[in-house]
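Engineer: Following this line is entry_33.pdb, made up of PDB, C-alpha atoms:
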MODEL        1
ATOM      1  CA  MET D1459     -37.702   6.761 -26.408
ATOM      2  CA  MET D1460     -39.234   7.402 -22.991
ATOM      3  CA  LEU D1461     -40.688   4.610 -20.894
ATOM      4  CA  THR D1462     -43.250   5.039 -18.138
ATOM      5  CA  LEU D1463     -42.313   3.042 -15.027
ATOM      6  CA  ILE D1464     -43.808   2.637 -11.570
ATOM      7  CA  CYS D1465     -41.631   3.237  -8.519
ATOM      8  CA  ALA D1466     -41.250   0.089  -6.394
ATOM      9  CA  GLN D1467     -41.283   2.180  -3.200
ATOM     10  CA  CYS D1468     -43.906   4.916  -3.533
ATOM     11  CA  GLY D1469     -45.947   3.616  -6.510
ATOM     12  CA  ARG D1470     -45.613   6.901  -8.402
ATOM     13  CA  GLU D1471     -45.294   6.842 -12.191
ATOM     14  CA  PHE D1472     -42.106   8.305 -13.625
ATOM     15  CA  GLN D1473     -40.427   8.536 -17.014
ATOM     16  CA  ARG D1474     -36.981   7.321 -18.010
ATOM     17  CA  LYS D1475     -35.118   7.012 -21.279
ATOM     18  CA  SER D1476     -35.073   3.423 -22.470
ATOM     19  CA  SER D1477     -31.258   3.539 -22.391
ATOM     20  CA  ASP D1478     -31.341   4.437 -18.650
ATOM     21  CA  VAL D1479     -33.582   1.520 -17.657
ATOM     22  CA  HIS D1480     -31.878  -1.575 -16.305
ATOM     23  CA  HIS D1481     -33.965  -4.323 -17.855
ATOM     24  CA  GLU D1482     -32.505  -7.045 -15.655
ATOM     25  CA  ALA D1483     -33.128  -5.012 -12.482
ATOM     26  CA  LYS D1484     -35.759  -6.410 -10.167
ATOM     27  CA  HIS D1485     -36.973  -2.998  -8.928
ATOM     28  CA  GLN D1486     -37.043   0.498 -10.434
ATOM     29  CA  PHE D1487     -37.156   3.656  -8.304
ATOM     30  CA  CYS D1488     -38.100   7.262  -9.055
ATOM     31  CA  SER D1489     -35.390   8.775  -6.817
ATOM     32  CA  ARG D1490     -32.450   7.964  -4.566
ATOM     33  CA  ALA D1491     -34.620   8.666  -1.550
ATOM     34  CA  CYS D1492     -37.071   5.943  -2.590
ATOM     35  CA  THR D1493     -34.173   3.565  -3.233
ATOM     36  CA  SER D1494     -32.741   4.049   0.253
ATOM     37  CA  ARG D1495     -36.164   3.777   1.925
ATOM     38  CA  PHE D1496     -36.880   0.566   0.011
ATOM     39  CA  HIS D1497     -33.644  -1.117   1.102
ATOM     40  CA  GLY D1498     -34.162  -0.015   4.683
ATOM     41  CA  PRO D1499     -31.906  -0.289   7.741
ATOM     42  CA  ASP D1500     -30.480  -3.704   6.808
ATOM     43  CA  ARG D1501     -28.609  -2.144   3.910
ATOM     44  CA  ALA D1502     -27.210   0.637   6.112
ATOM     45  CA  ARG D1503     -26.181  -1.905   8.749
ATOM     46  CA  ALA D1504     -24.405  -4.038   6.133
ATOM     47  CA  GLN D1505     -22.664  -0.973   4.702
ATOM     48  CA  GLY D1506     -21.464   0.050   8.177
ATOM     49  CA  ARG D1507     -20.208  -3.478   8.757
ATOM     50  CA  ARG D1508     -18.261  -3.417   5.450
ATOM     51  CA  GLN D1509     -16.764  -0.036   6.314
ATOM     52  CA  ARG D1510     -15.669  -1.161   9.783
ATOM     53  CA  ARG D1511     -14.132  -4.298   8.286
ATOM     54  CA  THR D1512     -12.257  -2.252   5.673
ATOM     55  CA  LEU D1513     -10.903   0.072   8.364
ATOM     56  CA  PHE D1514      -9.885  -2.905  10.489
ATOM     57  CA  LEU D1515      -8.016  -4.504   7.577
ATOM     58  CA  MET D1516      -6.275  -1.218   6.661
ATOM     59  CA  THR D1517      -5.057  -0.610  10.213
ATOM     60  CA  GLY D1518      -1.272  -0.649  10.573
ATOM     61  CA  ARG D1519      -0.531  -1.225   6.877
ATOM     62  CA  GLY D1520       0.559   2.302   5.963
ATOM     63  CA  TRP D1521      -0.228   3.730   2.529
ATOM     64  CA  LEU D1522      -1.995   1.298   0.176
ATOM     65  CA  THR D1523      -2.899   1.719  -3.487
ATOM     66  CA  THR D1524      -6.537   1.424  -4.505
ATOM     67  CA  GLY D1525      -5.775  -2.022  -5.951
ATOM     68  CA  GLN D1526      -4.179  -3.219  -2.730
ATOM     69  CA  VAL D1527      -7.238  -2.086  -0.751
ATOM     70  CA  GLY D1528      -9.398  -4.004  -3.246
ATOM     71  CA  VAL D1529      -7.388  -7.168  -2.646
ATOM     72  CA  LEU D1530      -7.722  -6.699   1.133
ATOM     73  CA  ILE D1531     -11.494  -6.313   1.051
ATOM     74  CA  GLY D1532     -12.098  -8.794  -1.764
ATOM     75  CA  LYS D1533     -13.421  -6.401  -4.404
ATOM     76  CA  GLN D1534     -12.132  -6.313  -7.976
ATOM     77  CA  ASN D1535     -14.280  -3.563  -9.487
ATOM     78  CA  GLY D1536     -12.178  -0.383  -9.367
ATOM     79  CA  SER D1537     -15.136   2.001  -9.324
ATOM     80  CA  ALA D1538     -16.771   0.083  -6.433
ATOM     81  CA  ILE D1539     -13.530   0.271  -4.444
ATOM     82  CA  ARG D1540     -13.139   4.009  -5.111
ATOM     83  CA  SER D1541     -16.777   4.615  -4.175
ATOM     84  CA  HIS D1542     -16.337   2.669  -0.935
ATOM     85  CA  LEU D1543     -13.130   4.553  -0.086
ATOM     86  CA  GLY D1544     -14.786   7.854  -1.044
ATOM     87  CA  ASP D1545     -17.518   7.213   1.535
ATOM     88  CA  LEU D1546     -14.859   6.567   4.174
ATOM     89  CA  LEU D1547     -12.965   9.690   3.086
ATOM     90  CA  ARG D1548     -16.078  11.854   3.522
ATOM     91  CA  LYS D1549     -16.513  10.439   7.033
ATOM     92  CA  GLY D1550     -12.887  11.293   7.853
ATOM     93  CA  GLU D1551     -11.931   7.660   8.399
ATOM     94  CA  VAL D1552      -9.234   7.449   5.682
ATOM     95  CA  GLU D1553      -6.715   9.800   4.095
ATOM     96  CA  ARG D1554      -5.858  10.079   0.401
ATOM     97  CA  ARG D1555      -2.520  10.988  -1.169
ATOM     98  CA  CYS D1556      -1.903  11.851  -4.848
ATOM     99  CA  ASP D1557      -4.783  12.577  -7.165
ATOM    100  CA  GLU D1558      -4.816  10.167 -10.094
ATOM    101  CA  MET D1559      -6.804  12.604 -12.255
ATOM    102  CA  THR D1560      -4.222  15.407 -12.116
ATOM    103  CA  THR D1561      -0.880  13.639 -11.808
ATOM    104  CA  GLY D1562      -1.464  10.312 -13.529
ATOM    105  CA  LYS D1563       0.053   8.562 -10.514
ATOM    106  CA  PRO D1564      -1.710   5.977  -8.382
ATOM    107  CA  VAL D1565      -3.854   7.060  -5.461
ATOM    108  CA  TYR D1566      -2.707   5.937  -2.016
ATOM    109  CA  TRP D1567      -4.995   5.455   0.966
ATOM    110  CA  ARG D1568      -4.408   4.923   4.655
ATOM    111  CA  ARG D1569      -6.403   4.816   7.807
ATOM    112  CA  ALA D1570      -6.854   8.299   9.279
ATOM    113  CA  ALA D1571      -5.415   8.801  12.721
ATOM    114  CA  ARG D1572      -8.176  10.250  14.880
ATOM    115  CA  ILE D1573      -6.773  11.019  18.280
ATOM    116  CA  GLY D1574      -8.806  11.564  21.430
ATOM    117  CA  ARG D1575     -11.890   9.458  20.670
ATOM    118  CA  VAL D1576     -13.679   8.139  23.743
ATOM    119  CA  CYS D1577     -15.524   4.820  23.992
ATOM    120  CA  ALA D1578     -19.187   5.268  23.001
ATOM    121  CA  GLU D1579     -20.403   3.085  25.893
ATOM    122  CA  PRO D1580     -22.259   5.287  28.397
ATOM    123  CA  GLY D1581     -20.128   5.806  31.501
ATOM    124  CA  CYS D1582     -16.899   4.471  29.940
ATOM    125  CA  GLY D1583     -14.140   7.058  29.680
ATOM    126  CA  THR D1584     -11.555   4.920  27.896
ATOM    127  CA  ILE D1585      -9.638   6.891  25.275
ATOM    128  CA  LEU D1586      -9.434   4.754  22.153
ATOM    129  CA  SER D1587      -6.232   4.030  20.324
ATOM    130  CA  ARG D1588      -5.960   5.499  16.851
ATOM    131  CA  TYR D1589      -5.512   1.930  15.635
ATOM    132  CA  ASN D1590      -8.865   0.820  17.041
ATOM    133  CA  PRO D1591     -11.359   1.023  14.140
ATOM    134  CA  ASP D1592     -14.382   0.576  16.404
ATOM    135  CA  ASP D1593     -16.304   3.191  18.375
ATOM    136  CA  TYR D1594     -16.021   1.043  21.505
ATOM    137  CA  CYS D1595     -13.074  -0.107  23.597
ATOM    138  CA  ALA D1596     -12.095  -3.781  23.637
ATOM    139  CA  LEU D1597     -14.159  -4.332  26.776
ATOM    140  CA  HIS D1598     -17.420  -3.140  25.174
ATOM    141  CA  ALA D1599     -16.890  -3.911  21.442
ATOM    142  CA  ALA D1600     -18.250  -7.463  21.472
ATOM    143  CA  ARG D1601     -21.463  -6.311  23.124
ATOM    144  CA  HIS D1602     -22.361  -4.132  20.111
ATOM    145  CA  MET D1603     -21.621  -6.593  17.289
ATOM    146  CA  ASP D1604     -23.433  -9.640  16.104
ATOM    147  CA  HIS D1605     -21.530 -12.923  16.337
ATOM    148  CA  VAL D1606     -20.673 -13.137  12.624
ATOM    149  CA  GLU D1607     -19.192  -9.635  12.524
ATOM    150  CA  TYR D1608     -17.176 -10.271  15.693
ATOM    151  CA  MET D1609     -15.727 -13.497  14.281
ATOM    152  CA  GLU D1610     -14.840 -11.733  11.000
ATOM    153  CA  LEU D1611     -13.011  -8.971  12.848
ATOM    154  CA  CYS D1612     -11.142 -11.545  14.900
ATOM    155  CA  GLY D1613     -10.068 -13.258  11.680
ATOM    156  CA  VAL D1614     -11.669 -16.582  12.611
ATOM    157  CA  ALA D1615     -14.459 -16.627  10.007
TER     158      ALA D1615
ENDMDL
END
Please rewrite the model in this file as structure tokens.
Structural biologist:
Amino acid sequence: MMLTLICAQCGREFQRKSSDVHHEAKHQFCSRACTSRFHGPDRARAQGRRQRRTLFLMTGRGWLTTGQVGVLIGKQNGSAIRSHLGDLLRKGEVERRCDEMTTGKPVYWRRAARIGRVCAEPGCGTILSRYNPDDYCALHAARHMDHVEYMELCGVA
């Protein structure tokens, strides 16, 4: 059975199977583009913050299983952890070893070593350590984070 819904972003009518509709969902969207526009820059900022925190926590720990990464970042849903790590893999921030689908063995992840990055602060030529998860050197990092994020990275909060 098809249901006619109205997109929460653009107001356009669209059709979905009744089995595909999330009845408890607050908003329904006609496309992924409308979903991302609706959630706006706050969602992207929060996602970037989560990714930087994950990279920071993975630094110096060697190869970790997907479950171990989940424990580090406080997520228990395996598909959410894999999705999160997949995003980081596409950005080149992490490396993956062993494919669970083909070998039946666990997947291992580690922080990718990017060598030769330069601090993103204009005029700063500091070459960043491969263990520094941020785009800025220690001198400029605090200037580009909000207080809560800085305290989380420092391990205080």
Engineer: Give as a PyMOL selection string every residue, naming chains and numbers as the document does, that has an atom within 12 Å of (-12.1, 3.8, 27.6), counting all atoms listed in the file.
Structural biologist: chain D and resi 1574-1587+1590+1592-1599
Engineer: To one decimal place in Å, what is the distance between CA of His1542 in chain D and CA of Ser1489 in chain D?
Structural biologist: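 Those two atoms sit 20.9 Å apart.
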Engineer: Between D:Phe1514, D:Leu1461, D:Ala1504, D:Tyr1566, single out the one closest to Gln1486 in chain D, counting only C-alpha atoms.
Structural biologist: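 Comparing D:Phe1514, D:Leu1461, D:Ala1504, D:Tyr1566 against Gln1486 in chain D, the winner is D:Leu1461.
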Engineer: Kindly indicate which residue among D:Met1459, D:Ile1539, D:Leu1513, D:Cys1492 lies nearest to Val1565 in chain D, using only C-alpha atoms for the distances.
Structural biologist: D:Ile1539
Engineer: By how many Å are CA of Lys1549 in chain D and CA of Gly1528 in chain D apart?
Structural biologist: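 We find that CA of Lys1549 in chain D and CA of Gly1528 in chain D lie 19.1 Å from each other.
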Engineer: Calculate how many Å separate CA of Arg1519 in chain D from CA of Ala1570 in chain D, rounding to one decimal.
Structural biologist: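 Straight-line distance from CA of Arg1519 in chain D to CA of Ala1570 in chain D works out to 11.7 Å.
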Engineer: Could you tell me which residues the PyMOL selection byres ((chain D and resi 1521) around 10) grabs in this file, written as a VMD selection string?
Structural biologist: chain D and resid 1516 1518 to 1520 1522 to 1524 1526 to 1527 1553 to 1555 1565 to 1569
Engineer: May I have the selected residues written with C-alpha atoms, as a tab-separated table (two decimals), in the frame of the given file?
Structural biologist:
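Written file, part.tsv:
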chain	number	residue	atom	x	y	z
D	1516	MET	CA	-6.28	-1.22	6.66
D	1518	GLY	CA	-1.27	-0.65	10.57
D	1519	ARG	CA	-0.53	-1.23	6.88
D	1520	GLY	CA	0.56	2.30	5.96
D	1522	LEU	CA	-2.00	1.30	0.18
D	1523	THR	CA	-2.90	1.72	-3.49
D	1524	THR	CA	-6.54	1.42	-4.50
D	1526	GLN	CA	-4.18	-3.22	-2.73
D	1527	VAL	CA	-7.24	-2.09	-0.75
D	1553	GLU	CA	-6.72	9.80	4.10
D	1554	ARG	CA	-5.86	10.08	0.40
D	1555	ARG	CA	-2.52	10.99	-1.17
D	1565	VAL	CA	-3.85	7.06	-5.46
D	1566	TYR	CA	-2.71	5.94	-2.02
D	1567	TRP	CA	-5.00	5.46	0.97
D	1568	ARG	CA	-4.41	4.92	4.66
D	1569	ARG	CA	-6.40	4.82	7.81
Engineer: Axis-aligned box over every listed atom of range 1517-1533 of chain D, padded by 3 Å per side: centre and edges in Å to one decimal, as lines of an AutoDock Vina configuration file?
Structural biologist:
center_x = -6.4
center_y = -2.5
center_z = 2.3
size_x = 20.0
size_y = 18.5
size_z = 22.5
Engineer: When the PyMOL selection byres ((chain D and resi 1508) around 12) is applied to the file above, which residues end up in the set, as a ChimeraX atom specification?
Structural biologist: /D:1501-1507,1509-1515,1530-1533,1539,1542-1543,1545-1546,1591,1607,1610-1611
